[in-house]
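A.B. asks: Here you go, this is query_6.txt (compact mmCIF, N, CA and C atoms).
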```
# COMPACT_ATOMS: atom_id res chain seq x y z
N MET D 18 300.17 137.67 144.76
CA MET D 18 298.93 136.94 144.59
C MET D 18 299.11 135.90 143.48
N ALA D 19 298.61 134.71 143.70
CA ALA D 19 298.77 133.62 142.74
C ALA D 19 297.90 133.84 141.52
N GLU D 20 298.44 133.46 140.36
CA GLU D 20 297.67 133.58 139.13
C GLU D 20 296.72 132.41 138.99
N ARG D 21 295.56 132.70 138.42
CA ARG D 21 294.58 131.65 138.16
C ARG D 21 294.50 131.41 136.67
N ARG D 22 294.37 130.18 136.27
CA ARG D 22 294.22 129.89 134.85
C ARG D 22 292.89 130.45 134.35
N VAL D 23 292.93 131.01 133.17
CA VAL D 23 291.72 131.56 132.57
C VAL D 23 290.83 130.42 132.11
N GLY D 24 289.54 130.53 132.40
CA GLY D 24 288.57 129.54 131.95
C GLY D 24 288.46 128.32 132.84
N ARG D 25 289.16 128.32 133.94
CA ARG D 25 289.10 127.17 134.84
C ARG D 25 288.59 127.62 136.19
N LYS D 26 287.51 127.00 136.63
CA LYS D 26 286.92 127.36 137.91
C LYS D 26 287.59 126.58 139.02
N ALA D 27 287.80 127.25 140.14
CA ALA D 27 288.33 126.55 141.31
C ALA D 27 287.20 125.72 141.89
N ARG D 28 287.45 124.45 142.07
CA ARG D 28 286.42 123.55 142.59
C ARG D 28 286.73 123.25 144.04
N VAL D 29 285.75 123.44 144.88
CA VAL D 29 285.91 123.21 146.31
C VAL D 29 284.82 122.21 146.75
N PRO D 30 285.21 121.16 147.47
CA PRO D 30 284.20 120.19 147.90
C PRO D 30 283.30 120.74 149.00
N ARG D 31 282.17 120.13 149.13
CA ARG D 31 281.23 120.49 150.20
C ARG D 31 281.84 120.10 151.54
N PRO D 32 281.35 120.68 152.63
CA PRO D 32 281.83 120.28 153.96
C PRO D 32 281.61 118.78 154.18
N GLY D 33 282.63 118.11 154.71
CA GLY D 33 282.54 116.68 154.96
C GLY D 33 282.88 115.82 153.76
N TYR D 34 283.26 116.45 152.66
CA TYR D 34 283.62 115.75 151.43
C TYR D 34 285.03 116.14 151.02
N ALA D 35 285.61 115.36 150.12
CA ALA D 35 286.94 115.66 149.58
C ALA D 35 286.93 115.41 148.09
N LEU D 36 287.72 116.19 147.35
CA LEU D 36 287.91 115.93 145.93
C LEU D 36 289.05 114.93 145.81
N VAL D 37 288.78 113.85 145.11
CA VAL D 37 289.75 112.76 145.00
C VAL D 37 290.14 112.59 143.54
N SER D 38 291.43 112.56 143.28
CA SER D 38 291.95 112.26 141.94
C SER D 38 292.56 110.87 142.00
N VAL D 39 292.16 110.02 141.08
CA VAL D 39 292.63 108.64 141.09
C VAL D 39 293.43 108.37 139.83
N THR D 40 294.65 107.84 140.03
CA THR D 40 295.49 107.38 138.94
C THR D 40 295.96 105.99 139.31
N ALA D 41 295.80 105.05 138.40
CA ALA D 41 296.18 103.67 138.68
C ALA D 41 297.05 103.14 137.54
N ARG D 42 298.06 102.34 137.89
CA ARG D 42 298.90 101.69 136.89
C ARG D 42 298.63 100.19 136.98
N ASP D 43 298.25 99.58 135.85
CA ASP D 43 297.94 98.15 135.88
C ASP D 43 299.19 97.31 135.65
N ALA D 44 299.02 96.00 135.64
CA ALA D 44 300.16 95.07 135.54
C ALA D 44 300.90 95.21 134.21
N ASN D 45 300.25 95.75 133.19
CA ASN D 45 300.88 95.94 131.89
C ASN D 45 301.55 97.29 131.75
N GLY D 46 301.49 98.10 132.81
CA GLY D 46 302.13 99.41 132.78
C GLY D 46 301.25 100.52 132.25
N PHE D 47 300.01 100.21 131.92
CA PHE D 47 299.10 101.25 131.44
C PHE D 47 298.63 102.09 132.62
N VAL D 48 298.56 103.39 132.41
CA VAL D 48 298.12 104.31 133.46
C VAL D 48 296.69 104.74 133.16
N HIS D 49 295.84 104.63 134.18
CA HIS D 49 294.43 105.00 134.05
C HIS D 49 294.18 106.20 134.96
N HIS D 50 293.68 107.28 134.36
CA HIS D 50 293.35 108.49 135.11
C HIS D 50 291.82 108.59 135.17
N TYR D 51 291.32 108.89 136.33
CA TYR D 51 289.88 109.05 136.51
C TYR D 51 289.59 110.50 136.85
N ASP D 52 288.42 110.96 136.44
CA ASP D 52 288.01 112.33 136.76
C ASP D 52 287.93 112.51 138.27
N ASP D 53 288.03 113.78 138.70
CA ASP D 53 287.90 114.08 140.13
C ASP D 53 286.55 113.58 140.63
N ILE D 54 286.58 113.01 141.82
CA ILE D 54 285.38 112.47 142.45
C ILE D 54 285.16 113.22 143.75
N GLU D 55 283.97 113.71 143.98
CA GLU D 55 283.66 114.32 145.28
C GLU D 55 283.10 113.20 146.15
N ALA D 56 283.89 112.80 147.14
CA ALA D 56 283.54 111.65 147.97
C ALA D 56 283.42 112.04 149.43
N PRO D 57 282.50 111.42 150.17
CA PRO D 57 282.41 111.67 151.60
C PRO D 57 283.72 111.23 152.28
N LEU D 58 284.17 111.98 153.26
CA LEU D 58 285.44 111.67 153.93
C LEU D 58 285.42 110.27 154.55
N GLY D 59 284.32 109.87 155.13
CA GLY D 59 284.22 108.53 155.72
C GLY D 59 284.43 107.44 154.68
N SER D 60 283.81 107.58 153.52
CA SER D 60 283.98 106.60 152.44
C SER D 60 285.40 106.59 151.93
N LEU D 61 286.00 107.76 151.85
CA LEU D 61 287.39 107.87 151.40
C LEU D 61 288.31 107.13 152.36
N ARG D 62 288.14 107.36 153.66
CA ARG D 62 288.98 106.68 154.66
C ARG D 62 288.80 105.17 154.61
N GLU D 63 287.55 104.71 154.47
CA GLU D 63 287.29 103.27 154.40
C GLU D 63 287.92 102.66 153.15
N SER D 64 287.79 103.35 152.03
CA SER D 64 288.36 102.85 150.77
C SER D 64 289.87 102.73 150.86
N LEU D 65 290.51 103.74 151.41
CA LEU D 65 291.97 103.70 151.55
C LEU D 65 292.41 102.61 152.51
N ALA D 66 291.65 102.40 153.57
CA ALA D 66 291.97 101.33 154.52
C ALA D 66 291.88 99.97 153.85
N ILE D 67 290.85 99.77 153.03
CA ILE D 67 290.69 98.50 152.31
C ILE D 67 291.84 98.29 151.33
N LEU D 68 292.19 99.33 150.58
CA LEU D 68 293.31 99.21 149.64
C LEU D 68 294.60 98.89 150.38
N HIS D 69 294.81 99.53 151.51
CA HIS D 69 296.02 99.28 152.30
C HIS D 69 296.04 97.84 152.81
N LEU D 70 294.91 97.37 153.30
CA LEU D 70 294.84 96.00 153.83
C LEU D 70 295.11 94.94 152.76
N HIS D 71 294.77 95.25 151.52
CA HIS D 71 294.96 94.29 150.43
C HIS D 71 296.26 94.53 149.66
N SER D 72 297.12 95.40 150.16
CA SER D 72 298.36 95.70 149.45
C SER D 72 299.39 94.61 149.67
N GLU D 73 300.34 94.52 148.77
CA GLU D 73 301.40 93.52 148.89
C GLU D 73 302.29 93.80 150.09
N GLU D 74 302.48 95.07 150.43
CA GLU D 74 303.30 95.41 151.59
C GLU D 74 302.68 94.85 152.87
N MET D 75 301.35 94.93 152.96
CA MET D 75 300.67 94.42 154.13
C MET D 75 300.79 92.90 154.17
N ASP D 76 300.64 92.24 153.02
CA ASP D 76 300.79 90.79 152.96
C ASP D 76 302.19 90.38 153.41
N ALA D 77 303.21 91.10 152.94
CA ALA D 77 304.59 90.80 153.31
C ALA D 77 304.80 91.01 154.81
N ALA D 78 304.21 92.06 155.36
CA ALA D 78 304.36 92.34 156.79
C ALA D 78 303.74 91.22 157.62
N HIS D 79 302.62 90.69 157.16
CA HIS D 79 301.97 89.60 157.90
C HIS D 79 302.76 88.29 157.81
N ARG D 80 303.53 88.15 156.72
CA ARG D 80 304.37 86.96 156.58
C ARG D 80 305.70 87.13 157.30
N GLY D 81 305.97 88.35 157.79
CA GLY D 81 307.22 88.62 158.49
C GLY D 81 308.37 88.98 157.59
N GLU D 82 308.07 89.30 156.33
CA GLU D 82 309.12 89.70 155.38
C GLU D 82 309.37 91.18 155.49
N ALA D 83 310.55 91.61 155.10
CA ALA D 83 310.88 93.03 155.07
C ALA D 83 310.22 93.65 153.86
N SER D 84 309.79 94.89 154.00
CA SER D 84 309.17 95.61 152.90
C SER D 84 310.23 95.95 151.87
N SER D 85 309.86 95.88 150.58
CA SER D 85 310.80 96.17 149.51
C SER D 85 311.00 97.66 149.31
N SER D 86 310.08 98.49 149.84
CA SER D 86 310.22 99.94 149.69
C SER D 86 310.89 100.52 150.92
N GLY D 87 311.86 101.41 150.67
CA GLY D 87 312.48 102.13 151.78
C GLY D 87 313.70 101.58 152.24
```
Could you write out this file's structure as structure tokens?
C.D. replies:
Amino acid sequence: MAERRVGRKARVPRPGYALVSVTARDANGFVHHYDDIEAPLGSLRESLAILHLHSEEMDAAHRGEASSSG
């Protein structure tokens, strides 16, 4: 049986929601951590799709360039 940390409650999202942890690194190399967010799955999917559409990899793919990752 797995051990649980003392004093920490297991957090479970409501049905149709997800717990999201966000970490972002800016152009200066600073890392920003955000608290867990309970977000509706639909909003999560839309947000990720928007981020993907605006990514540099997507821009490169539309220009016909090879992706730098992989």
A.B. asks: So which residues of chain D fall under strand (DSSP E or B) by DSSP, listed as a PyMOL selection string?
C.D. replies: chain D and resi 34-42+48-57
A.B. asks: Would you please extract all helix (DSSP H, G or I) residues from segment 36-72 of chain D, as assigned by DSSP on the backbone, and give them as a PyMOL selection string?
C.D. replies: chain D and resi 58-70
A.B. asks: Between atom CA of Val37 of chain D and atom N of His50 of chain D, what is the spacing in Å?
C.D. replies: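 So the two atoms, atom N of His50 of chain D and atom CA of Val37 of chain D, lie 12.6 Å apart.
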A.B. asks: Have a look at atom C of Ile54 of chain D and atom N of Glu73 of chain D and let me know their distance in Å, one decimal.
C.D. replies: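 It comes out at 24.6 Å.
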A.B. asks: Would you kindly return, as a PyMOL selection string, each protein, DNA or RNA residue with an atom no farther than 8 Å from any atom of Gly33 of chain D, considering all atoms listed in the file and excluding same-chain residues fewer than 3 positions away?
C.D. replies: chain D and resi 30+56-59
A.B. asks: Give me segment 27-41 of chain D with N, CA, C and O atoms filled in, as a compact mmCIF listing (two decimals), in the frame of the given file.
C.D. replies:
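Wrote it out as part36.txt, contents follow:
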```txt
# COMPACT_ATOMS: atom_id res chain seq x y z
N ALA D 27 287.80 127.25 140.14
CA ALA D 27 288.33 126.55 141.31
C ALA D 27 287.20 125.72 141.89
O ALA D 27 286.11 126.21 142.14
N ARG D 28 287.45 124.45 142.07
CA ARG D 28 286.42 123.55 142.59
C ARG D 28 286.73 123.25 144.04
O ARG D 28 287.83 122.83 144.37
N VAL D 29 285.75 123.44 144.88
CA VAL D 29 285.91 123.21 146.31
C VAL D 29 284.82 122.21 146.75
O VAL D 29 283.66 122.39 146.41
N PRO D 30 285.21 121.16 147.47
CA PRO D 30 284.20 120.19 147.90
C PRO D 30 283.30 120.74 149.00
O PRO D 30 283.66 121.69 149.69
N ARG D 31 282.17 120.13 149.13
CA ARG D 31 281.23 120.49 150.20
C ARG D 31 281.84 120.10 151.54
O ARG D 31 282.73 119.25 151.60
N PRO D 32 281.35 120.68 152.63
CA PRO D 32 281.83 120.28 153.96
C PRO D 32 281.61 118.78 154.18
O PRO D 32 280.56 118.23 153.83
N GLY D 33 282.63 118.11 154.71
CA GLY D 33 282.54 116.68 154.96
C GLY D 33 282.88 115.82 153.76
O GLY D 33 282.80 114.60 153.82
N TYR D 34 283.26 116.45 152.66
CA TYR D 34 283.62 115.75 151.43
C TYR D 34 285.03 116.14 151.02
O TYR D 34 285.58 117.12 151.50
N ALA D 35 285.61 115.36 150.12
CA ALA D 35 286.94 115.66 149.58
C ALA D 35 286.93 115.41 148.09
O ALA D 35 286.20 114.55 147.60
N LEU D 36 287.72 116.19 147.35
CA LEU D 36 287.91 115.93 145.93
C LEU D 36 289.05 114.93 145.81
O LEU D 36 290.14 115.14 146.34
N VAL D 37 288.78 113.85 145.11
CA VAL D 37 289.75 112.76 145.00
C VAL D 37 290.14 112.59 143.54
O VAL D 37 289.27 112.49 142.67
N SER D 38 291.43 112.56 143.28
CA SER D 38 291.95 112.26 141.94
C SER D 38 292.56 110.87 142.00
O SER D 38 293.37 110.59 142.87
N VAL D 39 292.16 110.02 141.08
CA VAL D 39 292.63 108.64 141.09
C VAL D 39 293.43 108.37 139.83
O VAL D 39 292.98 108.64 138.72
N THR D 40 294.65 107.84 140.03
CA THR D 40 295.49 107.38 138.94
C THR D 40 295.96 105.99 139.31
O THR D 40 296.45 105.76 140.42
N ALA D 41 295.80 105.05 138.40
CA ALA D 41 296.18 103.67 138.68
C ALA D 41 297.05 103.14 137.54
O ALA D 41 296.82 103.46 136.37
```
